[in-house]
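*Asks:* I am sharing start_20.cif, which consists of mmCIF, C-alpha atoms:
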```
data_entry
loop_
_atom_site.label_atom_id
_atom_site.label_comp_id
_atom_site.auth_asym_id
_atom_site.auth_seq_id
_atom_site.Cartn_x
_atom_site.Cartn_y
_atom_site.Cartn_z
CA MET A 1 -11.78 -7.09 -13.09
CA SER A 2 -10.93 -3.82 -11.38
CA ARG A 3 -8.68 -4.51 -8.43
CA ILE A 4 -8.54 -0.84 -7.39
CA GLY A 5 -12.27 -0.26 -7.88
CA ASN A 6 -13.20 -3.20 -5.64
CA LYS A 7 -11.18 -1.95 -2.64
CA HIS A 8 -13.26 -0.17 -0.02
CA ILE A 9 -12.30 3.26 1.33
CA ASP A 10 -11.97 3.61 5.11
CA LEU A 11 -13.29 6.93 6.38
CA PRO A 12 -11.20 8.60 9.12
CA SER A 13 -13.08 10.16 12.02
CA GLY A 14 -14.58 13.52 11.08
CA VAL A 15 -14.91 12.72 7.36
CA THR A 16 -18.31 12.24 5.71
CA VAL A 17 -19.22 11.25 2.16
CA THR A 18 -22.63 11.95 0.63
CA ALA A 19 -23.81 11.10 -2.88
CA GLU A 20 -25.85 13.75 -4.69
CA GLY A 21 -26.70 12.61 -8.21
CA ASN A 22 -23.47 12.31 -10.19
CA LEU A 23 -21.40 14.07 -7.48
CA ALA A 24 -19.96 12.77 -4.24
CA LYS A 25 -19.42 15.44 -1.60
CA VAL A 26 -16.51 14.70 0.76
CA THR A 27 -16.37 16.84 3.90
CA GLY A 28 -13.64 16.77 6.52
CA PRO A 29 -11.71 18.93 8.99
CA LYS A 30 -9.66 20.63 6.24
CA GLY A 31 -12.53 21.44 3.88
CA THR A 32 -14.95 20.07 1.30
CA LEU A 33 -14.32 18.52 -2.12
CA GLU A 34 -16.69 17.30 -4.82
CA VAL A 35 -15.86 14.22 -6.89
CA LYS A 36 -17.61 13.49 -10.20
CA ILE A 37 -19.20 10.05 -10.36
CA ASN A 38 -19.32 8.69 -13.92
CA GLU A 39 -22.41 7.09 -15.42
CA GLY A 40 -22.77 3.42 -14.48
CA ILE A 41 -20.89 3.89 -11.18
CA PHE A 42 -22.51 4.37 -7.79
CA ILE A 43 -21.24 4.59 -4.23
CA GLU A 44 -22.55 3.13 -1.00
CA VAL A 45 -21.58 4.45 2.42
CA GLU A 46 -21.59 1.58 4.92
CA GLY A 47 -20.74 2.92 8.38
CA SER A 48 -17.14 4.07 8.30
CA LYS A 49 -16.31 2.79 4.82
CA VAL A 50 -17.28 3.63 1.26
CA VAL A 51 -17.74 1.01 -1.44
CA VAL A 52 -17.67 1.95 -5.14
CA LYS A 53 -19.76 -0.35 -7.36
CA ARG A 54 -20.58 -0.53 -11.04
CA ALA A 55 -23.93 -1.20 -12.66
CA ASN A 56 -22.69 -3.45 -15.49
CA ASP A 57 -19.57 -4.87 -17.12
CA GLN A 58 -19.32 -2.64 -20.19
CA LYS A 59 -15.75 -1.75 -21.06
CA GLN A 60 -16.05 2.00 -20.37
CA VAL A 61 -17.83 1.43 -17.05
CA LYS A 62 -15.12 -1.01 -15.96
CA GLN A 63 -12.44 1.53 -16.90
CA ASN A 64 -14.17 4.28 -14.91
CA HIS A 65 -14.65 2.05 -11.85
CA GLY A 66 -11.05 2.24 -10.62
CA THR A 67 -10.67 5.89 -11.61
CA VAL A 68 -13.71 7.02 -9.62
CA ARG A 69 -12.56 5.00 -6.59
CA ALA A 70 -9.05 6.52 -6.79
CA ASN A 71 -10.43 10.07 -7.12
CA LEU A 72 -12.74 9.48 -4.15
CA HIS A 73 -9.87 8.11 -2.06
CA ASN A 74 -7.70 11.13 -2.96
CA ALA A 75 -10.51 13.43 -1.82
CA VAL A 76 -10.87 11.57 1.51
CA VAL A 77 -7.12 11.83 2.15
CA GLY A 78 -7.13 15.49 1.07
CA VAL A 79 -9.89 16.63 3.46
CA SER A 80 -8.42 14.67 6.38
CA GLU A 81 -4.63 15.08 5.96
CA GLY A 82 -4.05 17.35 2.95
CA TYR A 83 -1.33 17.16 0.31
CA LYS A 84 2.09 18.83 0.22
CA LYS A 85 4.82 19.07 -2.41
CA SER A 86 8.20 20.60 -1.61
CA LEU A 87 10.51 22.08 -4.23
CA GLU A 88 14.02 23.49 -4.01
CA MET A 89 15.92 25.88 -6.25
CA ARG A 90 19.61 25.28 -6.97
CA GLY A 91 21.76 27.80 -8.75
CA ILE A 92 23.50 31.12 -8.18
CA GLY A 93 20.95 33.89 -7.84
CA TYR A 94 17.97 31.51 -7.89
CA LYS A 95 15.32 32.55 -5.37
CA ALA A 96 11.59 32.85 -4.84
CA GLN A 97 9.47 35.53 -3.21
CA LEU A 98 5.77 35.83 -2.38
CA GLN A 99 3.78 38.84 -3.57
CA GLY A 100 0.33 38.36 -2.11
CA ASP A 101 -0.62 34.84 -3.14
CA LYS A 102 1.61 34.88 -6.27
CA VAL A 103 5.10 33.38 -6.41
CA VAL A 104 7.80 35.45 -8.12
CA LEU A 105 10.81 33.40 -9.27
CA TRP A 106 14.33 34.49 -10.15
CA ALA A 107 15.59 31.47 -12.09
CA GLY A 108 18.53 32.61 -14.20
CA TYR A 109 16.54 34.52 -16.80
CA SER A 110 16.83 38.24 -17.58
CA HIS A 111 13.32 38.65 -16.16
CA THR A 112 11.28 37.32 -13.25
CA VAL A 113 8.60 34.68 -13.68
CA THR A 114 5.30 35.00 -11.79
CA ILE A 115 3.20 31.91 -11.00
CA VAL A 116 -0.40 32.18 -9.77
CA PRO A 117 -1.32 29.08 -7.71
CA ASN A 118 -4.42 27.06 -8.58
CA LYS A 119 -7.59 27.70 -6.58
CA GLY A 120 -7.42 26.22 -3.07
CA VAL A 121 -3.61 25.91 -3.08
CA LYS A 122 -1.38 27.70 -0.57
CA VAL A 123 2.29 28.38 -1.31
CA THR A 124 4.80 29.06 1.49
CA LEU A 125 8.52 29.79 1.42
CA PRO A 126 10.50 28.36 4.38
CA SER A 127 13.62 29.95 2.82
CA PRO A 128 14.26 31.91 -0.41
CA THR A 129 15.28 28.70 -2.20
CA GLU A 130 12.59 26.36 -0.80
CA ILE A 131 8.97 26.31 -1.93
CA ASP A 132 6.15 24.36 -0.23
CA VAL A 133 2.86 23.85 -2.09
CA GLU A 134 -0.06 22.68 0.09
CA GLY A 135 -3.78 22.05 -0.32
CA ILE A 136 -6.59 19.52 -0.10
CA ASP A 137 -6.96 18.84 -3.84
CA LYS A 138 -4.21 16.45 -4.99
CA GLN A 139 -4.53 17.45 -8.65
CA ALA A 140 -4.34 21.20 -7.93
CA VAL A 141 -1.30 20.81 -5.65
CA GLY A 142 0.54 18.66 -8.21
CA GLN A 143 -0.35 20.98 -11.09
CA THR A 144 0.86 24.10 -9.25
CA ALA A 145 4.11 22.37 -8.25
CA ALA A 146 4.64 21.18 -11.83
CA ARG A 147 4.09 24.71 -13.20
CA ILE A 148 6.71 26.06 -10.76
CA ARG A 149 9.17 23.29 -11.70
CA GLU A 150 8.75 23.81 -15.45
CA VAL A 151 10.04 27.40 -15.16
CA ARG A 152 13.57 25.93 -14.96
CA PRO A 153 13.78 22.10 -14.81
CA PRO A 154 17.05 20.72 -13.42
CA GLU A 155 19.74 20.41 -16.07
CA PRO A 156 21.91 17.26 -16.22
CA TYR A 157 25.42 18.75 -16.06
CA LEU A 158 25.50 20.97 -12.96
CA GLY A 159 22.05 20.13 -11.56
CA LYS A 160 20.93 23.76 -11.55
CA GLY A 161 17.22 24.45 -11.69
CA ILE A 162 14.02 23.81 -9.74
CA ARG A 163 13.44 20.26 -8.51
CA TYR A 164 11.24 18.36 -6.10
CA LYS A 165 12.88 17.79 -2.69
CA ASP A 166 12.99 14.01 -3.10
CA GLU A 167 13.89 14.08 -6.81
CA HIS A 168 17.17 12.52 -7.90
CA VAL A 169 18.77 14.19 -10.91
CA ALA A 170 21.32 12.00 -12.68
CA THR A 171 24.26 14.19 -13.66
CA LYS A 172 26.38 13.60 -16.75
CA GLU A 173 30.08 14.14 -17.04
CA GLY A 174 31.13 17.01 -19.26
CA LYS A 175 33.18 17.00 -22.47
CA ARG A 176 36.45 17.59 -20.67
CA ALA A 177 36.05 14.65 -18.29
CA GLY A 178 36.53 12.09 -21.07
CA GLY A 179 39.46 13.82 -22.74
CA LYS A 180 42.01 12.27 -25.09
CA LYS A 181 44.04 9.31 -23.97
#
```
If you convert what's in this file into structure tokens, what do you get?

*Replies:*
Amino acid sequence: MSRIGNKHIDLPSGVTVTAEGNLAKVTGPKGTLEVKINEGIFIEVEGSKVVVKRANDQKQVKQNHGTVRANLHNAVVGVSEGYKKSLEMRGIGYKAQLQGDKVVLWAGYSHTVTIVPNKGVKVTLPSPTEIDVEGIDKQAVGQTAARIREVRPPEPYLGKGIRYKDEHVATKEGKRAGGKK
């Protein structure tokens, strides 16, 4: 039994969903996204809600039921509200700069690192050490933010590196803190 797949999706005002073969087209005020509908799954638009149903109870179809519903819900939220991930850089000399749509990072290496955002993703810099990644596609926003973070993940002793704004990094005590007794 798919608990996620059986939940209906409420459509905010201004958002429409249309099924075209094995694709669902979600259109809203922020843009348009297409969601792949797996075989054995179909969607019904009933007024201001969308219901995802499956044709049979085969194992693979049951597994895809919740996934398709979650992807469709993410698309509805994306075209109505959008997604945003915020990162911050901590460390001496760590900074970011925009060159066109690319992000150039100074992250403690002897060279700069350039990141090209995924298609449909916009990167802004409120300050040289803060990076905001925004877009309507949840996967693309998360992937771009993860690629920026992996340039220099936060290290556990001083906490230097690139981290998400709400991320907690557990710091360890160094060798000298224990000392001999």

*Asks:* I need every residue sitting at most 10 Å from the point (8.5, 33.5, -15.4) (coordinates as in the file, all atoms listed in the file considered), written as a list in words.

*Replies:*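 Those within range, by chain then number, are Val103, Val104, Leu105, Trp106, Ala107, Tyr109, Ser110, His111, Thr112, Val113, Thr114, Ile115, Ile148, Glu150, Val151 and Arg152 of chain A.
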
*Asks:* Take the PyMOL selection byres ((chain A and resi 63) around 12), apply it to the structure above, and return the hits as a VMD selection string.

*Replies:* chain A and resid 1 to 5 38 to 41 54 56 to 62 64 to 70

*Asks:* Looking at all atoms listed in the file, which of A:Lys53, A:Lys165, A:Lys160, A:His8 is the one that sits closest to A:Tyr94?

*Replies:* A:Lys160

*Asks:* As a PyMOL selection string, please: the residues near A:Ala170 (cut-off 7 Å, all atoms listed in the file, same-chain neighbours under 2 positions excluded).

*Replies:* chain A and resi 156+168+172

*Asks:* Could you expand the PyMOL selection byres ((chain A and resi 19) around 9) into the explicit residues it covers here, written as a PyMOL selection string?

*Replies:* chain A and resi 17-18+20-26+37+42-45

*Asks:* Convert the output of the PyMOL selection byres ((chain A and resi 28) around 8) on the shown file into explicit residues, formatted as a PDB file with C-alpha atoms, in the frame of the given file.

*Replies:*
```
ATOM      1  CA  GLY A  14     -14.580  13.520  11.080  1.00  0.00           C
ATOM      2  CA  VAL A  15     -14.910  12.720   7.360  1.00  0.00           C
ATOM      3  CA  THR A  16     -18.310  12.240   5.710  1.00  0.00           C
ATOM      4  CA  VAL A  26     -16.510  14.700   0.760  1.00  0.00           C
ATOM      5  CA  THR A  27     -16.370  16.840   3.900  1.00  0.00           C
ATOM      6  CA  PRO A  29     -11.710  18.930   8.990  1.00  0.00           C
ATOM      7  CA  LYS A  30      -9.660  20.630   6.240  1.00  0.00           C
ATOM      8  CA  GLY A  31     -12.530  21.440   3.880  1.00  0.00           C
ATOM      9  CA  THR A  32     -14.950  20.070   1.300  1.00  0.00           C
ATOM     10  CA  VAL A  76     -10.870  11.570   1.510  1.00  0.00           C
ATOM     11  CA  VAL A  79      -9.890  16.630   3.460  1.00  0.00           C
ATOM     12  CA  SER A  80      -8.420  14.670   6.380  1.00  0.00           C
TER      13      SER A  80
END
```

*Asks:* Which residues come within 7 Å of A:Tyr164, counting all atoms listed in the file, excluding same-chain residues fewer than 4 positions away, as a list in words?

*Replies:*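 The filter keeps Ser86, Leu87 and Glu88 of chain A.
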
*Asks:* Emit the selected residues as a PDB file, keeping the file's coordinate frame, including C-alpha atoms.

*Replies:*
```
ATOM      1  CA  SER A  86       8.200  20.600  -1.610  1.00  0.00           C
ATOM      2  CA  LEU A  87      10.510  22.080  -4.230  1.00  0.00           C
ATOM      3  CA  GLU A  88      14.020  23.490  -4.010  1.00  0.00           C
TER       4      GLU A  88
END
```

*Asks:* Hey, can you pull every residue with an atom no more than 7 Å from (18.3, 23.5, -8.8), using all atoms listed in the file, and send it as a PyMOL selection string?

*Replies:* chain A and resi 88-91+154+159-163
